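K.L.:
Have a look at this one before I ask anything.
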Amino acid sequence: MSGQAFVTGGSGFLGQALLRRLAEDGWRTRALARSPRAAEAVTALGARAVTGDLADGAALAAGAAGCDVAFHLAALTAPWAPPEAYRAVNVEGTAAVLAACRAAGVGRLVHASTEAVLMAGEDLHEVDETAPLRPDSAVPYCATKAVAEQLVAEAGGPEAGGSEAGGSDLETVVVRPRMVWGPGDTTIVPNLRAAIEAGRFAWIGGGSQRTDATHVDNAVEGLVLAATRGRPGGTYFVTDGQRASFRSFVTELLDAHGLTPPPRSLPLPVARAGAAACEAVWRALGLRRAPPLTRIAVWLAGLEATIDITRATTELGYRPVTGRAEGLAALARTS
């Protein structure tokens with residue numbers, strides 16, 4: 001299947017990989033671009049840049065017009081920002097994209113989500129798509145991404161009043177990768193590198209907790225399959241299907257970039273208390289820069305996150321297209 005697609009977040013790590021794949025598959029693409037630099041990035045990948053951001057209704061309307069599918073990847077993922085900033089981008093921005101797609105008659109919207117929508121400070125053990133969303137999470141990123149998913153679910157699919165139930169003609173599908181890594185990563189390795197260079201790196205709880213991760217190629221595969229095969233109203237986890245301890249995976253990932261993490265470890269209870277204290281002080285003082293430790297960092301790096309991808313394999317025919325060893329070897333050759 002190919003056609004016309006509109007992509008938000010196209011200049012980001014996952015967005016650029018998606019635009020590259022869509023071009024290879026014969027799609028014509030438009031991408032929302034909120035800066036000249038973003039416009040250059042998406043144009044270089046064959047997309048037509050639509051200048052604007054998620055608060056620009058006219059830009060969203062222009063991007064969605066005449067499109068068969070929209071991919072909503074744009075989100076505020078920073079580890080520290082005012083709660084209202086997360087809501088403006090992740091919740092209000094998603095609502096605006098949904099409204100633009102409905103008004104333009106887009107057939108399907110694929111929403112890029114995350115396992116963080118389930119996070120409220122506990123381990124995620126063998127979770128699947130039936131696990132409850134946590135809009136009540138104490139971390140604004142997790143809470144607002146959960147609310148965004150609720151909006152997407154309400155907007156499309158037979159269960160939520162979609163076309164088969166006599167409601168909106170827009171179908172929606174959600175894809176949740178976990179810890180996206182690979183060439184072009186702008187978050188995981190850069191943040192780890194900065195922590196190592198600043199002398200702040202430590203394995204939370206020793207790093208022995210199990211984790212899943214998702215190579216960027218596999219995340220893109222999930223998004224494309226959701227656009228072409230996903231059940232209206234469906235939600236799908238996608239990972240590499242190769243579980244490991246957080247420490248072993250991150251050590252291999254850093255080694256592929258020529259980095260060696262120190263052996264220092266921080267007990268999980270100490271990390272939790274330190275993150276809560278840091279956040280309280282930073283909020284009280286109104287500091288804009290990120291504190292040295294945050295709850296989201298502790299949850300992402302210190303808790304188990306193992307994912308069941310059975311639904312994606314059975315309903316989408318999803319199979320990882322890039323294996324862990326293959327992806328790490330490719331990184332080592334290019335780093």
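The chains in the structure tokens are called A, B, ... from first to last as shown; in each chain the residues are counted from 1, and the ligands are counted from 1 in the order shown.
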Excluding Pro320 (chain A) and residues on its chain fewer than 5 positions from it, collect all residues at most 9 Å away from it, counting only C-alpha atoms, and give them as a ChimeraX atom specification.

P.N.:
/A:214-215,217-219,221-222,238-241

K.L.:
Mind the document's chain letters and residue numbers, and return as a tab-separated table (two decimals) with C-alpha atoms, in the first residue's frame the residues of region 201-269 of chain A that DSSP labels alpha helix (DSSP H).

P.N.:
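The new file selection_35.tsv reads:
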```
chain	number	residue	atom	x	y	z
A	216	VAL	CA	14.33	2.38	15.18
A	217	ASP	CA	13.86	0.17	12.10
A	218	ASN	CA	11.53	-2.06	14.10
A	219	ALA	CA	9.58	0.90	15.43
A	220	VAL	CA	9.10	2.13	11.86
A	221	GLU	CA	8.03	-1.35	10.77
A	222	GLY	CA	5.35	-1.27	13.46
A	223	LEU	CA	4.11	2.15	12.35
A	224	VAL	CA	3.88	1.13	8.69
A	225	LEU	CA	2.10	-2.13	9.52
A	226	ALA	CA	-0.34	-0.22	11.72
A	227	ALA	CA	-1.15	2.05	8.78
A	228	THR	CA	-1.76	-0.85	6.44
A	229	ARG	CA	-3.00	-3.72	8.62
A	246	PHE	CA	19.18	-3.11	31.38
A	247	ARG	CA	22.87	-3.11	32.26
A	248	SER	CA	23.92	-5.60	29.60
A	249	PHE	CA	21.95	-3.90	26.83
A	250	VAL	CA	23.08	-0.38	27.71
A	251	THR	CA	26.70	-1.54	28.09
A	252	GLU	CA	26.59	-3.02	24.60
A	253	LEU	CA	24.88	0.08	23.22
A	254	LEU	CA	27.48	2.39	24.74
A	255	ASP	CA	30.32	0.12	23.61
A	256	ALA	CA	29.06	0.44	20.04
A	268	LEU	CA	16.72	2.14	43.79
A	269	PRO	CA	15.20	3.53	47.05
```

K.L.:
Counting only C-alpha atoms, what is within 8 Å of region 88-100 of chain A, bar same-chain residues fewer than 5 positions away, as a PDB file with C-alpha atoms, in the first residue's frame?

P.N.:
```
ATOM      1  CA  LEU A  54       0.834  21.627  16.668  1.00  0.00           C
ATOM      2  CA  ALA A  55      -0.832  24.864  17.769  1.00  0.00           C
ATOM      3  CA  GLY A  57      -4.562  24.837  12.959  1.00  0.00           C
ATOM      4  CA  LEU A  60      -2.333  21.058  10.354  1.00  0.00           C
ATOM      5  CA  ALA A  61      -5.217  21.481   7.924  1.00  0.00           C
ATOM      6  CA  ALA A  64      -3.751  16.713   6.354  1.00  0.00           C
ATOM      7  CA  HIS A  72       1.378  11.583  14.678  1.00  0.00           C
ATOM      8  CA  ALA A  74       5.357  14.867  17.569  1.00  0.00           C
ATOM      9  CA  ALA A  75       5.507  15.008  21.376  1.00  0.00           C
ATOM     10  CA  LEU A  76       7.291  16.756  24.206  1.00  0.00           C
ATOM     11  CA  LEU A 109      -4.242   8.168  11.951  1.00  0.00           C
ATOM     12  CA  THR A 144      -0.080  13.446  29.275  1.00  0.00           C
ATOM     13  CA  LYS A 145       0.903  10.680  26.874  1.00  0.00           C
ATOM     14  CA  VAL A 147      -4.373  11.189  28.119  1.00  0.00           C
ATOM     15  CA  ALA A 148      -3.328  11.588  24.491  1.00  0.00           C
ATOM     16  CA  LEU A 151      -8.171  10.955  22.990  1.00  0.00           C
ATOM     17  CA  VAL A 152      -6.943   8.834  20.097  1.00  0.00           C
ATOM     18  CA  ALA A 155     -11.606   9.431  18.088  1.00  0.00           C
TER      19      ALA A 155
END
```

K.L.:
Report the distance between CA of Cys101 (chain A) and CA of Asp53 (chain A) in Å, rounded to one decimal place.

P.N.:
14.8 Å

K.L.:
Can you list, as number ranges by chain, every protein, DNA or RNA residue that comes within 9 Å of region 177-183 of chain A when you count only C-alpha atoms, leaving out same-chain residues fewer than 4 positions away?

P.N.:
A: 13-14, 112-116, 187-189, 211-219, 222, 236-239, 253, 300, 305, 307, 327-328, 330-331, 334-335

K.L.:
Using backbone DSSP assignments, extract all strand (DSSP E or B) residues from region 65-259 of chain A; output them as a PyMOL selection string.

P.N.:
chain A and resi 69-72+108-112+124-127+171-177+180-181+203-204+210-211+214-215+235-238+244-245

K.L.:
Can you tell me how far CA of Ala81 (chain A) sits from CA of Leu18 (chain A), in Å to one decimal?

P.N.:
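It comes out at 26.7 Å.
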
K.L.:
Please provide as a VMD selection string all residues within 10 Å of region 190-199 of chain A, with the sequence filter that same-chain residues fewer than 2 positions apart are discarded (counting only C-alpha atoms).

P.N.:
chain A and resid 185 to 188 201 to 202 250 254 257 259 to 262 292

K.L.:
Need to verify the contact set: Leu45 (chain A), 8 Å, only C-alpha atoms, exclusion of same-chain residues closer than 3 positions in sequence. Can you return it as a PDB file with C-alpha atoms, in the first residue's frame?

P.N.:
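Dumped everything to result_20.pdb:
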```pdb
ATOM      1  CA  GLN A  16      13.227  10.864   9.917  1.00  0.00           C
ATOM      2  CA  LEU A  19       9.980   9.425   6.243  1.00  0.00           C
ATOM      3  CA  ARG A  20      12.911   7.509   4.765  1.00  0.00           C
ATOM      4  CA  ALA A  23       9.803   7.259   0.496  1.00  0.00           C
ATOM      5  CA  ALA A  41      15.596  17.890   7.342  1.00  0.00           C
ATOM      6  CA  VAL A  42      12.235  16.635   6.085  1.00  0.00           C
TER       7      VAL A  42
END
```

K.L.:
Which is closer to Val298 (chain A) than all the others in A:Pro79, A:Val174, A:His125, A:Arg102, using only C-alpha atoms?

P.N.:
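Answer, going by the shortest atom-to-atom distance: A:Pro79.
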
K.L.:
In terms of the shortest atom-to-atom distance over only C-alpha atoms, which of A:Pro263, A:Ser245, A:Trp80, A:Val7 is closest to Cys278 (chain A)?

P.N.:
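When distances to Cys278 (chain A) are compared using only C-alpha atoms, the smallest one comes from A:Trp80.
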
K.L.:
Counting only C-alpha atoms, which of A:Glu84, A:Asp68, A:Glu154, A:Asp308 gets nearest to Gly233 (chain A)?

P.N.:
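Once distances to Gly233 (chain A) are computed over only C-alpha atoms, the minimum belongs to A:Glu154.
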
K.L.:
I'd like to know which of A:Thr51, A:Ser265, A:Thr130, A:Gln242 is closest to Ala39 (chain A), using only C-alpha atoms.

P.N.:
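Among the listed residues, A:Thr51 lies closest to Ala39 (chain A).
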
K.L.:
Could you state the separation of CA of Trp27 (chain A) and CA of Ser2 (chain A) in Å, given to one decimal place?

P.N.:
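Computing the Euclidean distance for CA of Trp27 (chain A) and CA of Ser2 (chain A) yields 4.9 Å.
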
K.L.:
Given only C-alpha atoms as the basis, pick out the residue of A:Gly12, A:Ala58, A:Ala65, A:Thr294 nearest to Trp282 (chain A).

P.N.:
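Closest residue, counting only C-alpha atoms: A:Thr294.
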
K.L.:
With distances taken over only C-alpha atoms, which residue among A:Leu266, A:Ala31, A:Leu316, A:Leu133 lies nearest Arg200 (chain A)?

P.N.:
A:Leu266
